[in-house]
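Some notes on the structure that comes next.
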Amino acid sequence: MKSSIKTQMVLVFASLVILISGMNLVINNLWLERYYIREKKSTMIEIFDKLNAIGDSADYQSDDFEQMIQEIQETDSVVLIILKATEDGAASIVYETSDDVLMRGRIEGYLRGFSITDDTSDVLKQTDRFRIQKFHDSVNHMDYLESYGVFENGCFFLMRLPIQSIRENVKISNQFSTYITLAGILLMVILVWRFSERITKPIRELTVISQKMADLDFGVRYQSGGKDEIGVLGKNFNQMSEKLEQTISELKTANNALQKDLKKKEEIDEMRKEFLSNVSHELKTPIALIQGYAEGLQEGIGDDPESREFYCDVIVDEAGKMNRLVQKLLTLNQLEFGTDVVNIERFNLTELISGVAQSSALLAEQKNAALVLRTIDADGNVREKNAKDAKAALTDLFVWGDEFKMEEVVTNYISNALNHVDGELCITVTEQVLDRKVRVLVHNTGELIPEEDLDKLWIKFYKVDKARTRAYGGSGVGLSIVKAIMDSHNQQYGVYNDGDGVTFWFELEVADA
C-alpha cells in the first residue's frame with residue numbers, strides 16, 4: 001500500500017500543502033506585523049505630506065479638508081489632532097477627530113517644548129518636521145503607531161494608529177489560514193485520491209495484462225480506453241498482444257506441421273522398412289519354388305514328359321503370382337504418391353457391377369456359392385437377380401467417379417468375398433441410394449473378422465489368416481489399393497461384421513440422369 005502510486009501522490013500533495021501552509025503561518029507570525037507597520041509608516045508619511053501642503057490653518061475648516069480626513073479615517077483608522085500656538089503661548093485646537101484627553105495633553109506638552117518620546121518608545125523615522133514612533137499607552141494598556149511634529153504653516157499635529165488591531169488581524173489571519181489549510185488538505189486528499197484513482201486504475205489494468213502476457217496469455221485486452229498517454233499505452237498493449245498471439249499461433253501451427261512432418265517421415269521410414277520386409281517375404285517363396293523346380297529341370301530330375309510339364313506349370317504359376325504382386329505394388333505406388341490421374345466422369349455403376357459379377361460367376365459356381373446382385377432405389381424399391389442371369393434387369397444407378405478405378409475396387413471386394421465365403425455360401429452385392437450418395441455393400445457369409453483387426457485390413461500386406469491367404473494366392477495388397485482409390489476420390493469406405501458374415505462398403509456421389 002505504501003508503495004502504490006495513489007498513496008505516494010496523496011502523501012506528496014498533502015505534504016506540499018502542509019509545508020506551504022506552515023511557511024505561511026511562520027511568515028505571518030514573524031514578519032506580517034513588521035510589514036504592516038512599515039506600510040502604515042509610509043501611510044503616515046503620505047498623510048503628513050497631504051496635511052503639510054495646506055498653507056492656511058483656516059483651510060482646516062473647509063469641506064474639502066473634512067472629506068480628505070474622512071477618507072483617511074475610513075481607509076487607515078487614523079486619529080488626528082492639530083493645534084496652533086496663540087499669542088499668549090496657549091494651545092488652540094484647530095482640528096481633531098477624537099476628544100482623547102491624553103492625546104491632547106501629549107501634543108500640548110510637545111507644543112510647549114516638552115519631549116513626548118521616552119525610553120519605551122521605538123522611533124521608526126525622524127526628520128526636522130516630524131517623528132514616527134511606536135508608543136505604549138500605560139493607561140489604556142495599548143500599543144500605538146504615533147507620528148507628531150510641526151507643519152510648515154506652524155501648526156502642531158499628533159496622529160495615532162493602534163497596533164493592537166494589527167496583532168489581532170495577524171492572529172485572525174493565522175487562524176483563518178489554519179482552517180483554510182485544513183479544509184484545503186481534506187479537499188486536496190479527496191481530489192487527489194479521485195484523480196489518482198483515474199490514473200492508477202488503468203495502470204493496474206495494464207499491470208494485470210502484462211502479468212498475463214508474461215504467462216503467455218495473449219487473449220486479455222485493455223478495456224479502459226482514453227486518449228491520454230496511458231490510453232495510447234493500453235492501445236499499444238492490445239496491438240502487441242494481438243501480434244504476439246498471432247505470432248505464437250503461427251509458431252504453434254508451424255511446430256505442429258513440423259511435428260506432423262517428423263511423424264510422417266518416421267511413418268514413411270517404418271513403411272519403407274515394412275514394405276521391404278513384406279515384399280521380400282512375399283517374393284521369397286515363389287522365387288525359391290522357381291529356383292528349385294528350374295534346378296530340377298536343369299539336373300534332369302523327372303525325365304518323363306508329365307514331370308517336366310508339372311515342373312513348368314509350377315514355375316509359370318509362381319512367376320505369374322510374382323508378376324501380379326509387382327503390378328499391384330506399382331498401381332498402389334502410383335495411387336499413394338498421386339502420380340496416377342483420377343478422371344472423374346459420370347458412369348453407370350449398376351452396369352459396372354453387373355459386368356464384374358458376371359466375370360466372377362464361374363468362380364462362385366466352382367465354390368458352389370450364390371452371387372446375388374441387388375439395387376435399392378431412393379423410394380425403397382428393391383430389385384434382385386443372380387449374377388449369371390443376364391436377362392434380368394436392375395435399376396440403373398449413375399454416379400461420379402473414375403470408372404476404371406472403381407471397377408478395380410468392385411473387383412477387389414468381390415474377389416475378397418469369394419476367397420472368404422463360407423457357411424451358407426452366399427455373396428450379396430447391394431447398391432443402395434442414400435440421399436445424394438450411392439452405397440455399395442459386398443456381403444459374404446462366413447467367419448467373422450476379429451474387431452481389433454478390422455481397422456488394420458487396409459494396411460499393406462496385413463493378413464488376418466496368413467495360411468488361408470497364402471492358399472488362394474493373396475498378397476494383402478488388394479484392400480490397400482481400395483483404400484488409395486477411395487482416398488483419391490475423397491469418398492467414404494469401410495468394413496464391419498454383419499451377423500452371419502462380413503460386409504465391405506464404399507460410397508460415390510449420385511449423378512443425375
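Convention: chains lettered A, B, ... in C-alpha cells order; per-chain residue numbering from 1; ligands numbered from 1 as shown.
Look at A:Gly501: the protein and nucleic acid residues within 12 Å of it, using only C-alpha atoms and passing over chain neighbours fewer than 4 places away, are Ala417, His420, Val421, Asp422, Gly423, Glu424, Leu425, Cys426, Ile427, Thr428, Val442, His443, Asn444, Thr445, Gly446, Glu447, Leu448, Ile449, Pro450, Val495, Tyr496 and Asn497 of chain A.
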Q.
If we count only C-alpha atoms and set the cut-off at 7 Å, which residues sit around A:Ser121, ignoring sequence neighbours fewer than 4 positions away in its own chain? Please answer as a list in words.
A. Thr117, Gln133, Lys134 and Phe135 of chain A
Q | Who sits within 6 Å of A:Leu80, only C-alpha atoms, same chain under 6 positions skipped, as number ranges by chain | A | A: 96-97, 158-159
Could those residues be written to a file, using all heavy atoms, as a PDB file, in the first residue's frame?
ATOM      1  N   GLU A  96      -9.636  68.162  15.320  1.00  0.00           N
ATOM      2  CA  GLU A  96      -9.404  66.899  15.993  1.00  0.00           C
ATOM      3  C   GLU A  96     -10.501  65.905  15.588  1.00  0.00           C
ATOM      4  O   GLU A  96     -11.644  66.300  15.328  1.00  0.00           O
ATOM      5  CB  GLU A  96      -9.365  67.074  17.509  1.00  0.00           C
ATOM      6  CG  GLU A  96     -10.670  67.502  18.124  1.00  0.00           C
ATOM      7  CD  GLU A  96     -10.573  67.617  19.639  1.00  0.00           C
ATOM      8  OE1 GLU A  96      -9.591  67.115  20.199  1.00  0.00           O
ATOM      9  OE2 GLU A  96     -11.492  68.203  20.242  1.00  0.00           O
ATOM     10  N   THR A  97     -10.096  64.654  15.475  1.00  0.00           N
ATOM     11  CA  THR A  97     -11.053  63.587  15.115  1.00  0.00           C
ATOM     12  C   THR A  97     -11.533  62.858  16.346  1.00  0.00           C
ATOM     13  O   THR A  97     -12.404  61.981  16.240  1.00  0.00           O
ATOM     14  CB  THR A  97     -10.379  62.576  14.159  1.00  0.00           C
ATOM     15  OG1 THR A  97      -9.233  62.002  14.799  1.00  0.00           O
ATOM     16  CG2 THR A  97      -9.960  63.262  12.866  1.00  0.00           C
ATOM     17  N   LEU A 158      -0.639  65.529  15.924  1.00  0.00           N
ATOM     18  CA  LEU A 158      -0.375  64.217  16.524  1.00  0.00           C
ATOM     19  C   LEU A 158      -1.333  63.214  15.872  1.00  0.00           C
ATOM     20  O   LEU A 158      -2.552  63.414  15.885  1.00  0.00           O
ATOM     21  CB  LEU A 158      -0.597  64.243  18.033  1.00  0.00           C
ATOM     22  CG  LEU A 158      -0.446  62.884  18.753  1.00  0.00           C
ATOM     23  CD1 LEU A 158       0.998  62.357  18.629  1.00  0.00           C
ATOM     24  CD2 LEU A 158      -0.841  63.002  20.216  1.00  0.00           C
ATOM     25  N   MET A 159      -0.756  62.174  15.276  1.00  0.00           N
ATOM     26  CA  MET A 159      -1.548  61.096  14.652  1.00  0.00           C
ATOM     27  C   MET A 159      -1.265  59.793  15.365  1.00  0.00           C
ATOM     28  O   MET A 159      -0.117  59.501  15.745  1.00  0.00           O
ATOM     29  CB  MET A 159      -1.179  60.925  13.159  1.00  0.00           C
ATOM     30  CG  MET A 159      -1.666  62.042  12.273  1.00  0.00           C
ATOM     31  SD  MET A 159      -1.348  61.699  10.526  1.00  0.00           S
ATOM     32  CE  MET A 159       0.444  61.778  10.483  1.00  0.00           C
TER      33      MET A 159
END
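Straight-line separation from atom CA of A:Tyr148 to atom CA of A:Phe48: 9.3 Å.
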Q. Can you list, as a list in words, every protein, DNA or RNA residue that comes within 8 Å of A:Val372 when you count only C-alpha atoms, leaving out same-chain residues fewer than 2 positions away?
A. Ala370, Arg374, Glu384, Lys385, Asn386, Ala387, Cys426, Ile427, Thr428 and Val429 of chain A
Output file for the selection above: C-alpha atoms, as a PDB file, in the first residue's frame:
ATOM      1  CA  ALA A 370     -24.526 -67.918 -54.824  1.00  0.00           C
ATOM      2  CA  ARG A 374     -29.467 -56.153 -55.641  1.00  0.00           C
ATOM      3  CA  GLU A 384     -32.603 -58.520 -57.313  1.00  0.00           C
ATOM      4  CA  LYS A 385     -31.067 -61.060 -59.719  1.00  0.00           C
ATOM      5  CA  ASN A 386     -28.449 -63.795 -59.873  1.00  0.00           C
ATOM      6  CA  ALA A 387     -25.103 -62.788 -61.381  1.00  0.00           C
ATOM      7  CA  CYS A 426     -23.810 -66.623 -50.303  1.00  0.00           C
ATOM      8  CA  ILE A 427     -22.360 -63.367 -51.665  1.00  0.00           C
ATOM      9  CA  THR A 428     -24.651 -60.332 -51.997  1.00  0.00           C
ATOM     10  CA  VAL A 429     -23.708 -57.137 -53.821  1.00  0.00           C
TER      11      VAL A 429
END
(Q) What parts of stretch 79-228 of chain A does DSSP call strand (DSSP E or B)? I'd like the answer as a PyMOL selection string. (A) chain A and resi 79-85+91-96+122-126+130-137+142-150+156-162
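Take the candidates A:Gln126, A:Ser173, A:Asn381, A:Ala357 and check each one against A:Val26 using only C-alpha atoms; the shortest distance goes to A:Ser173.
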